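Asker: This is the structure I have questions about; it appears just below.
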Amino acid sequence: MLSAQHLLRGFLFTSILTGLAGCAPSSYTVQQPSPSGMLYEQTQQATTTITQSDNRVGDEKTFHSGILPATLKIGSTAIDPPSFLASSVSAELASRGFPVQVNTSGSELPHTTLHTFRVQNHRASGFSPFVTLTFISADLDTGVAKKRIGVFVKRGKVPVWSFDEVVEPTLSQPLSIAVKEYSSKLANSLYGYHAPDSAVDALVAKLSGTLNENSFLDVYALGFTNNPKAIDTLVKLTTHTDEYVRLAAISSLGNLGATSKFDLLKSIYNNHDGLWQDRAMAIKAIGDLGTAESNAFLEAELKNWESKKSDKESQWMAEIIGLYL
Amino acid sequence: MKSRFAIASLSCLALAGCMSFQPANYQPRYSNYSVLKSAPRCTAAVTEHRVTRPGIETLSMRGSTLRSPVGSDFSGFIAEALNEEFAKASVYAERPQRAVTLLMDKNQLDIPTGTGTVDIGIVAAVNDAQTGSELARIPVQVHREWPSSFFGGTAVNLAIGEYSEAVAELNGKLLADPQFLNALNCSAPASAQQP
């Protein structure tokens with residue numbers, strides 16, 4: 001039986017939690033992604049313009065949603081997702097020696113149709129990490145073929161003293177990674193551009209030393225080289241103890257289109273003893289492979305997750321696979 | 001002890017009576033939109049929607065209310081859900097070749113302690129956006145049942161989930177309708193597109 005003292009304690013505890021939740025601000029100022037400057041070896045002349053249309057509908061138009069919705073800003077201006085993506089991708093590709101302007105008007109080829117670009121947050125309790133899932137899904141039409149480009153980034157951080165602590169790791173960083181991944185896939189799909197072996201060697205050398213909290217960014221950079229020489233190193237890192245190094249490695253196998261690693265990715269995805277995020281990143285990487293076999297696998301898994309639809313993880317898995325189908 | 005229980009129960013009831021809910025964000029279903037991807041289609045969008053009977057704009061759930069997150073009634077929620085299915089199939093366009101009008105004529109949710117039920121009925125009219133001629137008029141209805149709960153909170157949560165499922169089922173039925181698919185086929189001869 002509950003005593004008055006128990007009720008009072010419960011009330012105080014709830015009040016403290018509510019007060020803490022109230023600390024979450026209604027907007028966050030994120031950083032404009034810094035271009036990587038990773039130069040590509042150019043094998044053919046690139047076009048100077050890529051056009052982009054916005055085909056986001058309904059809930060897809062809400063850029064930042066979830067348990068703690070807030071407006072994302074650059075400076076004092078709320079982010080307009082299509083413009084943000086176009087300008088960030090233009091800057092990223094220019095820094096790679098690929099001076100292409102992405103225009104948000106026009107329909108000239110090559111043309112991209114944006115279906116998804118949004119950030120979803122989640123937090124199970126006041127003591128668990130603030131997690132963000134960043135999604136991009138777009139069709140690239142070259143005039144010869146259409147290709148679906150998907151991007152998924154997961155990050156999390158427990159805010160200890162204030163919510164400002166989550167802005168860089170869970171909002172600015174994943175947006176920057178998403179832009180770089182999307183840019184790499186565009187450059188690769190359009191022109192087969194890749195970084196030279198020396199760039200891969202430099203990153204591998206960096207990752208063979210002691211890793212720090214930002215080493216996962218170098219692992220992602222290996223994937224953004226579009227150079228298959230990085231695959232062996234990435235395979236080793238898929239079992240690393242650092243969660244974000246591991247996730248970056250799994251994701252990057254997809255970014256590199258490592259079709260020979262389909263079985264490895266399936267084994268990570270099917271490991272039900274593993275973390276949800278490892279499995280989620282594995283299915284994202286399988287989506288990146290874009291083969292008939294991987295697409296058939298995705299279709300079967302999407303039907304499976306849609307039939308469950310009872311919990312958050314099922315819903316998120318369906319959303320990740322939906323980026324590709 | 002009894003008085004405390006009574007006060008707690010009354011407080012809960014009062015709180016429940018004040019609450020207004022919305023269905024969760026709609027997730028397009030692969031089994032729905034993949035039908036559209038199986039062949040080339042015209043661009044399409046739901047451009048107009050409304051309820052055709054008064055009293056079905058919102059739904060009552062044991063004193064709480066379920067409201068549409070889009071527009072003033074649930075025809076807006078279904079319209080947006082269908083547009084999301086179109087977008088996933090890459091046929092959605094703001095200025096489409098086929099303009100779909102949704103008329104909602106049934107919207108009923110019952111959550112007694114036994115079996116919960118939801119019934120939704122719409123009529124989808126597909127028009128050639130250029131000429132304005134009607135190519136198809138398709139009535140679609142769904143009925144779902146589930147074991148409800150004695151406990152209000154549980155019953156309400158179940159009902160909200162089941163309502164979204166009913167909308168997905170409704171869209172699935174419409175998108176699989178041969179008449180609807182034919183109306184979205186721009187290469188079909190005009191005579192074959194008459195309702």
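The chains in the structure tokens are called A, B, ... from first to last as shown; in each chain the residues are counted from 1, and the ligands are counted from 1 in the order shown.
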Mind dumping a table of every chain A residue within 7 Å of chain B, with the nearest atom pair and its distance in Å to one decimal, using only C-alpha atoms, sorted by chain and rising number, as a tab-separated table?
Answerer:
```
residue	atom	partner	partner_atom	distance
A:Asn55	CA	B:Ala87	CA	6.8
A:Val57	CA	B:Glu84	CA	5.7
A:Gly58	CA	B:Glu80	CA	5.8
A:Asp59	CA	B:Asn25	CA	6.6
```
Asker: Please identify all polymer residues within 8 Å of stretch 124-138 of chain A, counting only C-alpha atoms, omitting same-chain residues fewer than 6 positions from it, and present them as a ChimeraX atom specification.
Answerer: /A:17,20-21,112-118,148-159,166,170-171,174-175,178,182,320,323-324
Asker: Taking the backbone alone, and naming residues the way the document does, which bits of stretch 97-159 of chain B are strand (DSSP E or B) by DSSP, as a PyMOL selection string?
Answerer: chain B and resi 98-110+115-128+134-147
Asker: Would you pick out the contacts of stretch 39-42 of chain A at 9 Å or less, using only C-alpha atoms, so that residues sharing its chain but fewer than 4 positions from it are not included, and give the list as a list in words?
Answerer: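 Once the adjacent positions are removed, what remains is Ala46, Ser95, Arg96, Gly97, Phe98, Tyr191, Gly192, Tyr193, His194, Ala195, Pro196, Ala199 and Thr225 of chain A.
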Asker: Suppose we keep C-alpha atoms; can you now write the selection as a compact mmCIF listing (two decimals), in the first residue's frame?
Answerer:
```
# COMPACT_ATOMS: atom_id res chain seq x y z
CA ALA A 46 31.96 16.80 -64.77
CA SER A 95 36.27 21.04 -51.88
CA ARG A 96 36.86 17.69 -53.57
CA GLY A 97 37.89 19.40 -56.79
CA PHE A 98 34.47 18.89 -58.32
CA TYR A 191 31.31 9.96 -62.61
CA GLY A 192 32.87 7.10 -60.65
CA TYR A 193 35.06 9.62 -58.86
CA HIS A 194 37.31 8.36 -56.08
CA ALA A 195 40.15 9.53 -53.89
CA PRO A 196 43.66 8.22 -54.65
CA ALA A 199 44.40 9.24 -49.27
CA THR A 225 36.99 7.94 -50.64
```
Asker: As number ranges by chain, please: every residue in stretch 47-121 of chain A that a backbone DSSP assignment puts in helix (DSSP H, G or I).
Answerer: A: 58-61, 81-95
Asker: Between B:Pro96, B:Ile111, B:Ala39, B:Asn171, which residue has the minimum interatomic distance to B:Leu158, considering only C-alpha atoms?
Answerer: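 Ranking B:Pro96, B:Ile111, B:Ala39, B:Asn171 by distance to B:Leu158, first place goes to B:Ile111.
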Asker: Excluding A:Ala94 and residues on its chain fewer than 5 positions from it, collect all residues at most 12 Å away from it, counting only C-alpha atoms, and give them as number ranges by chain.
Answerer: A: 34-40, 46, 48-49, 87-89, 99-102, 180, 183-184, 187
Asker: One decimal, Å: what's the distance from atom CA of A:Lys147 over to atom CA of A:Asn295, could you say?
Answerer: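 Here the two named atoms are 12.6 Å from each other.
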Asker: Extract, using only C-alpha atoms, all DNA, RNA and protein residues at most 8 Å from stretch 58-64 of chain B, discarding same-chain residues fewer than 6 positions from it, and format them as a PyMOL selection string.
Answerer: chain B and resi 16-21+73-74+107-111+152+156
Asker: Closest to B:Gly172 among B:Gln141, B:Thr47, B:Leu103, B:Ala24, using only C-alpha atoms?
Answerer: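 Smallest separation from B:Gly172 among the options: B:Gln141.
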Asker: Taking only C-alpha atoms into account, name the residue in A:His111, A:Lys146, A:Lys284, A:Lys229 that is nearest to A:Lys266.
Answerer: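 For A:Lys266, the nearest of the given residues is A:Lys284.
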Asker: Atom CA of A:Thr51 and atom CA of A:Ile177, how far apart in Å?
Answerer: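 One can read the atom CA of A:Ile177 to atom CA of A:Thr51 distance as 21.6 Å.
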Asker: Do a neighbour search on A:Val235 at 9 Å with only C-alpha atoms, toss out local chain neighbours closer than 2 positions, and write the hits as a ChimeraX atom specification.
Answerer: /A:230-233,237-239,249-250,253,261,264
Asker: Grab the residues selected above and save them as a short mmCIF file (atom, residue, chain, number, x, y, z; two decimals), in the first residue's frame with N, CA and C atoms.
Answerer:
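Generated output (result_38.cif):
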```
data_model
loop_
_atom_site.label_atom_id
_atom_site.label_comp_id
_atom_site.auth_asym_id
_atom_site.auth_seq_id
_atom_site.Cartn_x
_atom_site.Cartn_y
_atom_site.Cartn_z
N ALA A 230 39.93 0.62 -49.31
CA ALA A 230 39.60 0.81 -47.89
C ALA A 230 38.82 -0.36 -47.29
N ILE A 231 38.33 -1.26 -48.14
CA ILE A 231 37.38 -2.29 -47.67
C ILE A 231 37.98 -3.18 -46.58
N ASP A 232 39.20 -3.67 -46.77
CA ASP A 232 39.78 -4.61 -45.80
C ASP A 232 39.89 -3.99 -44.41
N THR A 233 40.31 -2.73 -44.36
CA THR A 233 40.42 -2.06 -43.06
C THR A 233 39.04 -1.92 -42.43
N LEU A 237 37.25 -3.19 -38.76
CA LEU A 237 36.66 -2.25 -37.80
C LEU A 237 35.19 -2.53 -37.50
N THR A 238 34.57 -3.45 -38.25
CA THR A 238 33.15 -3.75 -37.98
C THR A 238 32.95 -4.47 -36.65
N THR A 239 34.06 -4.92 -36.03
CA THR A 239 33.94 -5.58 -34.72
C THR A 239 34.60 -4.74 -33.63
N ALA A 249 32.15 1.91 -39.74
CA ALA A 249 32.75 0.88 -40.60
C ALA A 249 31.66 0.10 -41.36
N ILE A 250 30.61 -0.27 -40.63
CA ILE A 250 29.52 -1.03 -41.27
C ILE A 250 28.87 -0.17 -42.37
N LEU A 253 31.02 0.22 -45.57
CA LEU A 253 31.04 -0.90 -46.52
C LEU A 253 29.93 -0.72 -47.56
N LYS A 261 30.87 -8.13 -49.65
CA LYS A 261 30.66 -8.22 -48.20
C LYS A 261 29.19 -8.36 -47.83
N LEU A 264 28.70 -10.79 -45.03
CA LEU A 264 29.13 -10.23 -43.74
C LEU A 264 28.04 -9.29 -43.20
#
```
Asker: I'd like the neighbourhood of A:Phe297 as a tab-separated table (two decimals) with N, CA and C atoms, in the first residue's frame, where a residue qualifies if any of its atoms comes within 10 Å (using only C-alpha atoms), though same-chain residues fewer than 3 positions away should be ignored.
Answerer:
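This went into around.tsv:
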```tsv
chain	number	residue	atom	x	y	z
A	266	LYS	N	24.89	-9.29	-43.93
A	266	LYS	CA	23.71	-10.08	-43.53
A	266	LYS	C	23.92	-10.72	-42.16
A	283	ILE	N	21.62	-3.09	-42.32
A	283	ILE	CA	20.56	-3.12	-43.34
A	283	ILE	C	20.67	-1.88	-44.23
A	286	ILE	N	23.35	-2.72	-46.68
A	286	ILE	CA	22.81	-3.66	-47.67
A	286	ILE	C	22.00	-2.88	-48.71
A	287	GLY	N	21.27	-1.87	-48.26
A	287	GLY	CA	20.53	-1.01	-49.19
A	287	GLY	C	21.45	-0.31	-50.16
A	291	THR	N	22.19	-4.27	-55.45
A	291	THR	CA	22.14	-5.40	-56.38
A	291	THR	C	20.74	-6.03	-56.34
A	292	ALA	N	20.44	-6.86	-57.30
A	292	ALA	CA	19.13	-7.53	-57.32
A	292	ALA	C	18.96	-8.36	-56.05
A	293	GLU	N	20.06	-9.00	-55.64
A	293	GLU	CA	20.02	-9.87	-54.46
A	293	GLU	C	19.77	-9.03	-53.19
A	294	SER	N	20.48	-7.91	-53.07
A	294	SER	CA	20.32	-7.09	-51.86
A	294	SER	C	18.93	-6.44	-51.84
A	300	ALA	N	12.00	-8.33	-48.62
A	300	ALA	CA	11.50	-9.34	-47.68
A	300	ALA	C	11.55	-8.82	-46.25
A	301	GLU	N	12.64	-8.12	-45.92
A	301	GLU	CA	12.77	-7.61	-44.55
A	301	GLU	C	11.78	-6.48	-44.27
A	302	LEU	N	11.51	-5.65	-45.29
A	302	LEU	CA	10.55	-4.55	-45.08
A	302	LEU	C	9.16	-5.12	-44.79
```
